[in-house]
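Novice: File follows, coords-v2.cif with mmCIF, C-alpha atoms and all ligand atoms:
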```cif
data_input
loop_
_atom_site.label_atom_id
_atom_site.label_comp_id
_atom_site.auth_asym_id
_atom_site.auth_seq_id
_atom_site.Cartn_x
_atom_site.Cartn_y
_atom_site.Cartn_z
CA MET A 1 -14.00 2.06 -31.29
CA GLU A 2 -16.35 3.23 -28.52
CA LYS A 3 -14.16 2.88 -25.47
CA VAL A 4 -10.51 1.93 -25.39
CA LYS A 5 -10.13 -1.31 -23.44
CA ILE A 6 -6.95 -1.06 -21.43
CA ALA A 7 -4.88 -2.96 -18.85
CA VAL A 8 -2.38 -1.44 -16.43
CA ILE A 9 0.95 -3.00 -15.38
CA GLY A 10 2.18 -1.67 -12.02
CA LEU A 11 0.10 -0.40 -9.10
CA GLY A 12 2.71 1.43 -7.04
CA ARG A 13 3.25 5.14 -6.31
CA LEU A 14 2.10 6.13 -9.79
CA GLY A 15 0.30 3.06 -11.19
CA MET A 16 -2.55 3.32 -8.68
CA VAL A 17 -2.97 7.01 -9.53
CA HIS A 18 -3.10 6.30 -13.28
CA THR A 19 -5.56 3.43 -12.74
CA ASP A 20 -7.80 5.64 -10.60
CA HIS A 21 -7.78 8.36 -13.28
CA LEU A 22 -8.49 5.86 -16.08
CA VAL A 23 -11.37 4.27 -14.14
CA ASN A 24 -12.98 7.36 -12.67
CA LEU A 25 -12.09 10.36 -14.81
CA ILE A 26 -11.48 9.22 -18.38
CA GLY A 27 -14.84 8.26 -19.85
CA ASP A 28 -13.44 6.78 -23.07
CA ALA A 29 -11.21 4.32 -21.19
CA ASP A 30 -12.44 0.96 -19.96
CA VAL A 31 -9.95 -0.64 -17.56
CA LYS A 32 -10.30 -4.41 -17.83
CA ALA A 33 -7.36 -5.68 -15.79
CA VAL A 34 -4.32 -4.77 -13.74
CA CYS A 35 -1.05 -6.55 -13.00
CA ALA A 36 1.31 -6.16 -10.04
CA LEU A 37 3.45 -8.32 -7.78
CA ASP A 38 1.96 -6.98 -4.56
CA GLN A 39 -1.17 -8.82 -3.34
CA GLU A 40 -2.39 -5.90 -1.23
CA GLN A 41 -2.30 -3.56 -4.22
CA LEU A 42 -4.12 -6.15 -6.35
CA SER A 43 -6.84 -6.67 -3.72
CA TYR A 44 -7.31 -2.91 -3.43
CA ALA A 45 -7.67 -2.59 -7.19
CA LYS A 46 -10.09 -5.51 -7.47
CA GLU A 47 -12.28 -4.10 -4.71
CA ASN A 48 -12.22 -0.47 -5.74
CA PHE A 49 -12.01 -0.63 -9.53
CA GLY A 50 -13.79 -3.93 -10.25
CA VAL A 51 -10.99 -5.21 -12.51
CA GLU A 52 -9.38 -8.58 -13.16
CA THR A 53 -6.01 -9.01 -11.46
CA TYR A 54 -2.80 -10.73 -12.55
CA THR A 55 0.74 -11.21 -11.30
CA ASP A 56 2.08 -12.17 -14.75
CA TYR A 57 1.81 -9.39 -17.33
CA LYS A 58 2.23 -11.77 -20.28
CA LYS A 59 -0.72 -13.88 -19.13
CA MET A 60 -2.80 -10.72 -18.74
CA ILE A 61 -1.97 -9.45 -22.23
CA ASP A 62 -2.66 -12.90 -23.73
CA ALA A 63 -5.91 -13.51 -21.84
CA GLU A 64 -7.65 -10.16 -21.81
CA GLU A 65 -9.54 -8.59 -24.71
CA ILE A 66 -7.79 -5.25 -24.65
CA ASP A 67 -6.72 -2.57 -27.12
CA ALA A 68 -3.98 -0.98 -25.04
CA VAL A 69 -1.58 -1.42 -22.14
CA ALA A 70 -0.34 1.22 -19.69
CA ILE A 71 3.12 0.31 -18.34
CA VAL A 72 3.79 1.77 -14.89
CA ALA A 73 6.17 -0.93 -13.64
CA PRO A 74 9.77 -0.12 -12.60
CA THR A 75 11.85 1.38 -15.41
CA GLY A 76 14.04 -1.67 -16.09
CA PHE A 77 10.96 -3.62 -17.26
CA HIS A 78 9.73 -1.01 -19.77
CA PRO A 79 11.60 -2.35 -22.85
CA GLU A 80 10.52 -6.01 -22.50
CA MET A 81 6.93 -5.12 -21.54
CA THR A 82 6.59 -2.66 -24.44
CA ALA A 83 7.95 -5.20 -26.93
CA TYR A 84 5.59 -7.92 -25.67
CA ALA A 85 2.54 -5.65 -25.82
CA LEU A 86 3.39 -4.31 -29.29
CA LYS A 87 3.94 -7.82 -30.67
CA ALA A 88 0.54 -8.77 -29.23
CA GLY A 89 -0.99 -5.93 -31.27
CA LYS A 90 -1.64 -3.53 -28.38
CA HIS A 91 -1.18 0.24 -28.19
CA VAL A 92 1.26 1.22 -25.44
CA PHE A 93 1.43 4.02 -22.91
CA CYS A 94 4.78 3.72 -21.09
CA GLU A 95 5.99 5.71 -18.11
CA LYS A 96 9.28 7.59 -18.35
CA PRO A 97 12.13 6.82 -18.76
CA LEU A 98 12.07 4.42 -21.73
CA GLY A 99 14.43 2.08 -19.88
CA LEU A 100 17.81 1.91 -18.18
CA GLU A 101 20.19 0.37 -20.72
CA MET A 102 20.83 1.92 -24.14
CA ASP A 103 21.00 -1.43 -25.97
CA GLU A 104 17.61 -2.48 -24.56
CA VAL A 105 16.16 0.92 -25.42
CA ALA A 106 17.55 0.70 -28.98
CA GLU A 107 15.74 -2.63 -29.42
CA MET A 108 12.58 -1.12 -27.88
CA SER A 109 12.80 1.77 -30.32
CA ARG A 110 13.16 -0.69 -33.22
CA GLN A 111 10.03 -2.54 -32.05
CA ILE A 112 8.10 0.72 -31.86
CA GLN A 113 9.17 1.66 -35.39
CA GLU A 114 8.14 -1.80 -36.61
CA HIS A 115 4.59 -1.19 -35.33
CA PRO A 116 3.77 2.25 -36.74
CA LYS A 117 0.00 1.65 -36.67
CA GLN A 118 0.04 1.15 -32.90
CA VAL A 119 0.28 4.21 -30.69
CA PHE A 120 3.35 4.41 -28.48
CA GLN A 121 3.26 7.24 -25.95
CA LEU A 122 5.91 8.06 -23.35
CA GLY A 123 4.90 9.58 -20.00
CA PHE A 124 6.61 12.98 -20.20
CA MET A 125 3.51 14.42 -18.53
CA ARG A 126 4.93 17.88 -17.87
CA ARG A 127 4.33 18.61 -21.55
CA PHE A 128 0.59 18.40 -20.65
CA ASP A 129 0.82 20.74 -17.64
CA ALA A 130 -1.02 24.02 -18.33
CA SER A 131 1.86 26.23 -17.11
CA TYR A 132 4.59 24.46 -19.09
CA ARG A 133 2.33 24.55 -22.18
CA HIS A 134 1.70 28.27 -21.69
CA ALA A 135 5.46 28.84 -21.47
CA LYS A 136 5.91 26.87 -24.71
CA GLU A 137 3.37 29.09 -26.50
CA ILE A 138 5.15 32.24 -25.31
CA ILE A 139 8.57 30.93 -26.37
CA ASP A 140 7.30 29.79 -29.79
CA ALA A 141 5.70 33.21 -30.36
CA GLY A 142 9.09 34.86 -29.67
CA GLY A 143 7.78 36.36 -26.43
CA ILE A 144 11.13 36.25 -24.60
CA GLY A 145 13.46 36.38 -27.60
CA GLU A 146 16.36 33.92 -27.85
CA ILE A 147 16.84 31.57 -24.90
CA ILE A 148 20.10 32.27 -23.07
CA TYR A 149 19.86 30.12 -19.96
CA ILE A 150 17.46 27.71 -18.21
CA ARG A 151 17.47 26.79 -14.54
CA ALA A 152 15.27 23.96 -13.26
CA TYR A 153 14.61 22.47 -9.84
CA GLY A 154 12.93 19.09 -9.40
CA ILE A 155 13.10 18.27 -5.70
CA ASP A 156 10.84 15.72 -4.06
CA PRO A 157 9.71 16.30 -0.47
CA ILE A 158 11.67 14.70 2.32
CA SER A 159 8.37 13.06 3.38
CA GLY A 160 8.68 10.81 0.29
CA MET A 161 12.22 9.65 1.13
CA GLU A 162 11.08 6.40 2.76
CA SER A 163 8.96 5.30 -0.20
CA PHE A 164 11.73 6.36 -2.61
CA THR A 165 14.34 4.38 -0.66
CA LYS A 166 12.11 1.30 -0.83
CA PHE A 167 11.59 1.84 -4.58
CA ALA A 168 15.35 2.28 -5.21
CA THR A 169 16.28 -0.66 -3.00
CA ASP A 170 13.85 -3.02 -4.77
CA ASN A 171 14.64 -1.65 -8.24
CA ASP A 172 17.32 0.25 -10.14
CA SER A 173 15.81 3.75 -10.42
CA GLY A 174 18.50 4.81 -12.90
CA GLY A 175 19.71 7.47 -10.45
CA ILE A 176 18.74 11.08 -9.91
CA PHE A 177 19.48 12.29 -13.46
CA VAL A 178 17.72 9.43 -15.26
CA ASP A 179 14.81 9.16 -12.83
CA MET A 180 14.15 12.84 -12.01
CA CYS A 181 16.11 15.33 -14.14
CA ILE A 182 14.92 13.59 -17.31
CA HIS A 183 11.65 15.56 -17.08
CA ASP A 184 13.53 18.86 -17.28
CA ILE A 185 15.87 17.52 -19.96
CA ASP A 186 12.80 16.75 -22.07
CA LEU A 187 11.29 20.18 -21.42
CA ILE A 188 14.52 21.96 -22.37
CA ARG A 189 14.74 19.99 -25.64
CA TRP A 190 11.04 20.81 -26.27
CA TYR A 191 11.47 24.53 -25.57
CA THR A 192 14.74 25.06 -27.41
CA GLY A 193 14.45 22.50 -30.21
CA SER A 194 18.10 21.66 -29.59
CA ASP A 195 20.28 19.22 -27.69
CA PRO A 196 23.12 19.81 -25.24
CA VAL A 197 26.63 18.98 -26.42
CA GLN A 198 28.45 18.79 -23.10
CA THR A 199 27.80 18.28 -19.39
CA TRP A 200 29.64 18.72 -16.13
CA SER A 201 27.52 17.23 -13.36
CA ILE A 202 27.89 16.68 -9.64
CA GLY A 203 26.10 14.42 -7.17
CA ASN A 204 26.11 14.31 -3.39
CA ASN A 205 24.48 12.66 -0.40
CA ILE A 206 24.94 15.41 2.17
CA ALA A 207 21.22 15.36 3.04
CA ALA A 208 20.83 11.56 2.91
CA PRO A 209 24.09 9.64 3.54
CA GLU A 210 22.07 6.40 3.71
CA LEU A 211 21.58 6.56 -0.07
CA GLU A 212 25.30 5.75 -0.57
CA ALA A 213 24.49 2.13 0.28
CA ILE A 214 22.09 1.84 -2.66
CA ASN A 215 24.36 3.71 -5.07
CA GLU A 216 22.09 6.76 -5.40
CA PHE A 217 22.79 10.49 -5.28
CA GLU A 218 20.18 12.35 -3.25
CA THR A 219 21.07 15.64 -5.01
CA GLY A 220 22.26 15.92 -8.59
CA VAL A 221 23.36 19.11 -10.31
CA ALA A 222 23.78 19.01 -14.08
CA ASN A 223 25.37 21.83 -16.02
CA LEU A 224 24.62 21.61 -19.72
CA ARG A 225 26.20 23.47 -22.62
CA PHE A 226 24.44 23.74 -25.97
CA GLU A 227 25.95 24.28 -29.44
CA ASN A 228 25.42 28.07 -29.34
CA ASN A 229 26.70 28.22 -25.72
CA MET A 230 23.19 28.46 -24.34
CA ALA A 231 23.46 26.96 -20.84
CA ALA A 232 21.21 25.12 -18.42
CA THR A 233 21.47 24.05 -14.80
CA LEU A 234 19.25 21.23 -13.57
CA ILE A 235 18.97 20.39 -9.90
CA GLY A 236 17.29 17.15 -8.92
CA GLY A 237 16.84 16.02 -5.35
CA ARG A 238 14.72 14.29 -2.77
CA HIS A 239 15.17 16.35 0.38
CA ALA A 240 12.86 19.41 0.29
CA ALA A 241 11.66 19.91 3.86
CA HIS A 242 8.60 21.94 2.85
CA GLY A 243 7.09 19.98 -0.06
CA ASN A 244 7.37 19.19 -3.75
CA GLN A 245 9.61 21.87 -5.29
CA VAL A 246 9.38 21.83 -9.07
CA GLU A 247 10.24 25.02 -10.85
CA MET A 248 11.82 26.36 -14.00
CA GLU A 249 13.19 29.71 -15.05
CA ILE A 250 13.81 30.45 -18.70
CA MET A 251 15.96 33.48 -19.40
CA GLY A 252 15.55 35.01 -22.84
CA SER A 253 17.23 37.89 -24.64
CA ASN A 254 13.97 39.81 -24.36
CA GLY A 255 12.35 38.60 -21.14
CA TRP A 256 12.12 35.75 -18.64
CA ILE A 257 9.57 33.09 -17.78
CA ARG A 258 9.35 31.62 -14.31
CA ILE A 259 7.09 28.60 -13.68
CA ALA A 260 5.81 27.70 -10.21
CA GLN A 261 8.58 29.00 -8.01
CA GLU A 262 6.61 28.19 -4.85
CA PRO A 263 4.69 24.91 -4.50
CA GLU A 264 1.61 26.30 -2.78
CA LYS A 265 -1.01 23.65 -2.07
CA ASP A 266 -3.94 25.97 -2.66
CA PHE A 267 -5.07 29.52 -1.87
CA VAL A 268 -5.03 28.99 1.91
CA THR A 269 -2.73 31.13 4.03
CA LEU A 270 -2.49 30.24 7.74
CA PHE A 271 -2.03 33.05 10.27
CA THR A 272 -1.01 31.43 13.56
CA ASP A 273 1.65 31.64 16.28
CA ALA A 274 3.96 29.98 13.71
CA GLY A 275 3.65 33.11 11.57
CA VAL A 276 2.12 33.43 8.10
CA VAL A 277 2.24 30.01 6.45
CA ARG A 278 1.29 28.83 2.94
CA PRO A 279 0.92 25.01 3.05
CA ALA A 280 2.90 23.27 0.28
CA MET A 281 2.11 20.40 -2.10
CA GLN A 282 3.53 17.14 -0.80
CA SER A 283 3.93 14.94 -3.87
CA PHE A 284 4.47 14.84 -7.61
CA SER A 285 1.00 13.38 -8.04
CA GLU A 286 -0.51 16.41 -6.29
CA ARG A 287 1.48 18.93 -8.34
CA PHE A 288 0.81 17.20 -11.65
CA THR A 289 -2.71 15.75 -11.19
CA GLU A 290 -4.09 17.70 -14.11
CA ALA A 291 -1.12 16.82 -16.35
CA PHE A 292 -1.39 13.09 -15.52
CA ILE A 293 -5.10 13.11 -16.43
CA THR A 294 -4.58 15.15 -19.60
CA GLU A 295 -1.74 12.94 -20.89
CA LEU A 296 -3.84 9.78 -20.46
CA LYS A 297 -6.84 11.46 -22.14
CA ASP A 298 -4.49 12.36 -25.00
CA PHE A 299 -3.29 8.74 -25.22
CA ILE A 300 -6.87 7.42 -25.32
CA GLU A 301 -7.79 10.00 -28.00
CA ASN A 302 -4.68 9.05 -30.00
CA VAL A 303 -5.74 5.38 -29.93
CA LYS A 304 -9.34 6.21 -30.90
CA ASN A 305 -8.24 8.44 -33.78
CA ASP A 306 -5.32 6.35 -35.12
CA ARG A 307 -2.99 9.22 -34.31
CA GLN A 308 0.62 8.98 -33.08
CA SER A 309 1.73 10.82 -29.94
CA ASP A 310 3.50 14.19 -30.30
CA ILE A 311 6.19 12.80 -27.96
CA SER A 312 8.34 10.60 -30.17
CA VAL A 313 10.40 7.60 -29.14
CA GLU A 314 13.41 9.62 -30.34
CA ASP A 315 12.55 12.23 -27.68
CA GLY A 316 12.71 9.44 -25.11
CA VAL A 317 15.98 8.02 -26.44
CA LYS A 318 17.76 11.40 -26.56
CA ALA A 319 16.54 12.48 -23.13
CA LEU A 320 17.85 9.19 -21.71
CA GLN A 321 21.23 9.56 -23.44
CA ILE A 322 21.61 13.08 -22.02
CA ALA A 323 20.59 11.96 -18.52
CA LYS A 324 23.07 9.08 -18.67
CA ALA A 325 25.85 11.47 -19.73
CA CYS A 326 25.04 13.59 -16.63
CA LYS A 327 25.22 10.44 -14.48
CA GLU A 328 28.58 9.50 -16.00
CA SER A 329 29.94 12.99 -15.40
CA ALA A 330 28.79 12.98 -11.75
CA GLU A 331 30.29 9.53 -11.18
CA THR A 332 33.65 10.23 -12.85
CA GLY A 333 34.07 13.95 -12.16
CA GLN A 334 34.81 14.46 -15.86
CA VAL A 335 33.29 16.85 -18.39
CA ILE A 336 31.42 14.58 -20.80
CA ASP A 337 30.79 15.32 -24.47
CA ILE A 338 27.26 14.36 -25.42
CA VAL A 339 27.09 12.65 -28.79
CA LEU A 340 23.51 11.78 -29.77
N1 LIG B 401 5.92 10.67 -14.61
C1 LIG B 401 6.31 10.79 -13.36
O1 LIG B 401 6.44 11.89 -12.81
C2 LIG B 401 6.61 9.55 -12.57
C3 LIG B 401 6.48 9.56 -11.18
C4 LIG B 401 6.73 8.37 -10.48
C5 LIG B 401 7.11 7.23 -11.16
N2 LIG B 401 7.23 7.28 -12.51
C6 LIG B 401 7.66 6.07 -13.25
O2 LIG B 401 6.69 5.05 -13.08
C7 LIG B 401 7.32 3.78 -12.99
C8 LIG B 401 6.86 3.09 -11.69
O3 LIG B 401 7.28 3.88 -10.61
P1 LIG B 401 6.55 3.76 -9.18
O4 LIG B 401 7.17 4.81 -8.36
O5 LIG B 401 5.07 3.74 -9.33
O6 LIG B 401 7.09 2.31 -8.72
P2 LIG B 401 6.62 1.42 -7.46
O7 LIG B 401 7.78 0.63 -7.04
O8 LIG B 401 5.90 2.26 -6.47
O9 LIG B 401 5.54 0.43 -8.13
C9 LIG B 401 5.92 -0.53 -9.06
C10 LIG B 401 4.72 -1.42 -9.37
O10 LIG B 401 5.09 -2.34 -10.41
C11 LIG B 401 4.83 -3.67 -9.97
N3 LIG B 401 5.82 -4.57 -10.57
C12 LIG B 401 7.15 -4.66 -10.32
N4 LIG B 401 7.73 -5.58 -11.10
C13 LIG B 401 6.74 -6.08 -11.87
C14 LIG B 401 6.70 -7.10 -12.88
N5 LIG B 401 7.79 -7.77 -13.25
N6 LIG B 401 5.51 -7.39 -13.45
C15 LIG B 401 4.39 -6.72 -13.08
N7 LIG B 401 4.36 -5.74 -12.15
C16 LIG B 401 5.53 -5.45 -11.55
C17 LIG B 401 4.93 -3.63 -8.46
O11 LIG B 401 4.24 -4.72 -7.87
C18 LIG B 401 4.27 -2.28 -8.18
O12 LIG B 401 2.87 -2.42 -8.21
C19 LIG B 401 8.84 4.04 -13.05
O13 LIG B 401 9.28 3.82 -14.36
C20 LIG B 401 8.98 5.51 -12.71
O14 LIG B 401 10.07 6.15 -13.35
C21 LIG B 401 6.99 8.39 -13.22
#
```
Show me this structure written as structure tokens.
Ligand SMILES: NC(=O)c1ccc[n+]([C@@H]2O[C@H](COP(=O)([O-])OP(=O)(O)OC[C@H]3O[C@@H](n4cnc5c(N)ncnc54)[C@H](O)[C@@H]3O)[C@@H](O)[C@H]2O)c1

Specialist:
Amino acid sequence: MEKVKIAVIGLGRLGMVHTDHLVNLIGDADVKAVCALDQEQLSYAKENFGVETYTDYKKMIDAEEIDAVAIVAPTGFHPEMTAYALKAGKHVFCEKPLGLEMDEVAEMSRQIQEHPKQVFQLGFMRRFDASYRHAKEIIDAGGIGEIIYIRAYGIDPISGMESFTKFATDNDSGGIFVDMCIHDIDLIRWYTGSDPVQTWSIGNNIAAPELEAINEFETGVANLRFENNMAATLIGGRHAAHGNQVEMEIMGSNGWIRIAQEPEKDFVTLFTDAGVVRPAMQSFSERFTEAFITELKDFIENVKNDRQSDISVEDGVKALQIAKACKESAETGQVIDIVL
């Protein structure tokens, strides 16, 4: 296979970014078509990427000569779109999370297992970020001893609140734990090789009372306990005034790792009457550009080399179960046992 012929479903906040990367930066990918419901997005893609456009993903998969599909539509559609693409013989890249409902995700997982020769890759792109990978190498080499505690922040900038509110009004996002904290849940499972057994989580809308109306928590705090009493605290939110605040601290018996505690945009420091200012990154796509490109390159290489992704569907299922337990705890105020 010279180039992997691919179609993209979804051209929103992330789909347009993925399509741009596939068209302009990933030489072994050949984007044939895109599908979205929004005519403006489709016209933009046709004009700028020279691709066929569709509003019906099934028609696109049936009509186009493609090897693979990238699913970047809202989360609730991931199970049915994955199943359709797999049954049509296509390899699938699917954005996180796998889906919203456990029964749909169980069926999706069954479909994936029934098509072992087709690549299925889930978009946990932080595993491709250079800093998180470096941390993984240090941990695996015993560089900080036994992990005692992990603290993670994943807070979107307040400047993205409007587009998030639109997204969550039009679609079920799954809530702060399923939509946002799931990245850190995956990383913690990846770093520790273990799963939490219990959570006590809290949600609030102090910074964005308007989110009550769409049944969302702006801030979510998840406390997780592991079998050996290792603990983790995850904080997800959408209100950071300064920019995109994504950080993690891993405390070991023999040392600590801290990843990206300040979201500096670049090496510029401004010295003005406002003081000494380091401009901050303003979106997830800015912070994780390199990771988004590397994960799609990995997917294309996996397809070309008949190789399965290192991120298994089981990783996706367990991360979702844990995130849903956090949601249940925050909604009920109860400590929830996590049984995977
Ligand atoms: N990895 C990450 O960090 C990250 C970041 C953002 C979003 N995401 C994930 O990407 C997915 C999309 O999120 P987004 O923020 O880009 O959403 P969005 O609402 O901005 O865009 C959704 C796109 O899907 C299209 N669409 C909706 N329903 C469709 C259907 N039935 N058939 C075809 N197209 C349809 C819309 O027209 C739009 O183009 C979500 O699952 C989200 O969790 C992941």

Novice: Give, as AutoDock Vina command-line options, the centre coordinates and the x, y and z edge lengths in Å to one decimal for an axis-aligned box around all listed atoms of ligand LIG 401 (chain B), padded by 4 Å on each side.

Specialist:
```
--center_x 6.5 --center_y 2.1 --center_z -10.5 --size_x 15.2 --size_y 27.7 --size_z 16.1
```

Novice: Would you work out the distance separating CA of Asp20 in chain A from CA of Lys136 in chain A, expressed in Å to one decimal?

Specialist: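 Spanning CA of Asp20 in chain A to CA of Lys136 in chain A is a straight-line distance of 28.9 Å.
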
Novice: Between A:Tyr153, A:Phe217, A:Trp256, A:Phe288, which is the closest to ligand LIG 401 (chain B) once you count only C-alpha atoms and all ligand atoms?

Specialist: A:Phe288

Novice: To check your reading of the model: which residues sit at most 8 Å from ligand LIG 401 (chain B) when counting all atoms listed in the file? Write the answer as a PyMOL selection string.

Specialist: chain A and resi 9-16+35-38+41+55-57+71-78+95-99+123-126+163-164+166-168+170-171+173+179-180+183+284-285+288+292

Novice: With distances taken over all atoms listed in the file, which of A:Leu211, A:Val34, A:Ala85, A:Ile112 is nearest to Thr19 in chain A?

Specialist: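 Between A:Leu211, A:Val34, A:Ala85, A:Ile112, the residue approaching Thr19 in chain A most closely is A:Val34.
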
Novice: Do you know which residues are at most 7 Å from Lys90 in chain A counting only C-alpha atoms, after dropping those on the same chain fewer than 6 positions away, and could you put them as a PyMOL selection string?

Specialist: chain A and resi 67-69+118

Novice: Restrict the calculation to only C-alpha atoms, then for each residue of range 217-236 of chain A with any atom at most 8 Å from an atom of range 194-209 of chain A give the closest atom pair and their distance in Å to one decimal, rows by chain and rising residue number, as CSV.

Specialist:
```
residue,atom,partner,partner_atom,distance
A:Phe217,CA,A:Asn204,CA,5.4
A:Glu218,CA,A:Asn205,CA,5.2
A:Thr219,CA,A:Asn204,CA,5.5
A:Gly220,CA,A:Gly203,CA,4.4
A:Val221,CA,A:Ile202,CA,5.2
A:Ala222,CA,A:Ser201,CA,4.2
A:Asn223,CA,A:Trp200,CA,5.3
A:Leu224,CA,A:Thr199,CA,4.6
A:Arg225,CA,A:Gln198,CA,5.2
A:Phe226,CA,A:Pro196,CA,4.2
A:Glu227,CA,A:Val197,CA,6.1
```

Novice: Need to verify the contact set: range 114-117 of chain A, 8 Å, all atoms listed in the file, exclusion of same-chain residues closer than 2 positions in sequence. Can you return it as a PyMOL selection string?

Specialist: chain A and resi 86+110-112+119+306

Novice: Just want the 8 Å neighbourhood of range 311-319 of chain A, counted on only C-alpha atoms, with same-chain residues fewer than 2 positions away dropped. Output as a PyMOL selection string.

Specialist: chain A and resi 96-98+105-106+109+112+120-122+124+182+185-186+309+321-323+340

Novice: With distances taken over all atoms listed in the file, which of A:His91, A:Lys46, A:Arg151, A:Lys5 is nearest to Ile250 in chain A?

Specialist: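 Of all the options, A:Arg151 lies closest to Ile250 in chain A.
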
Novice: Go through A:Ala330, A:Leu296, A:Met230, A:Leu320 and flag the residue nearest Gly27 in chain A, using all atoms listed in the file for the distances.

Specialist: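 Nearest candidate to Gly27 in chain A out of A:Ala330, A:Leu296, A:Met230, A:Leu320: A:Leu296.
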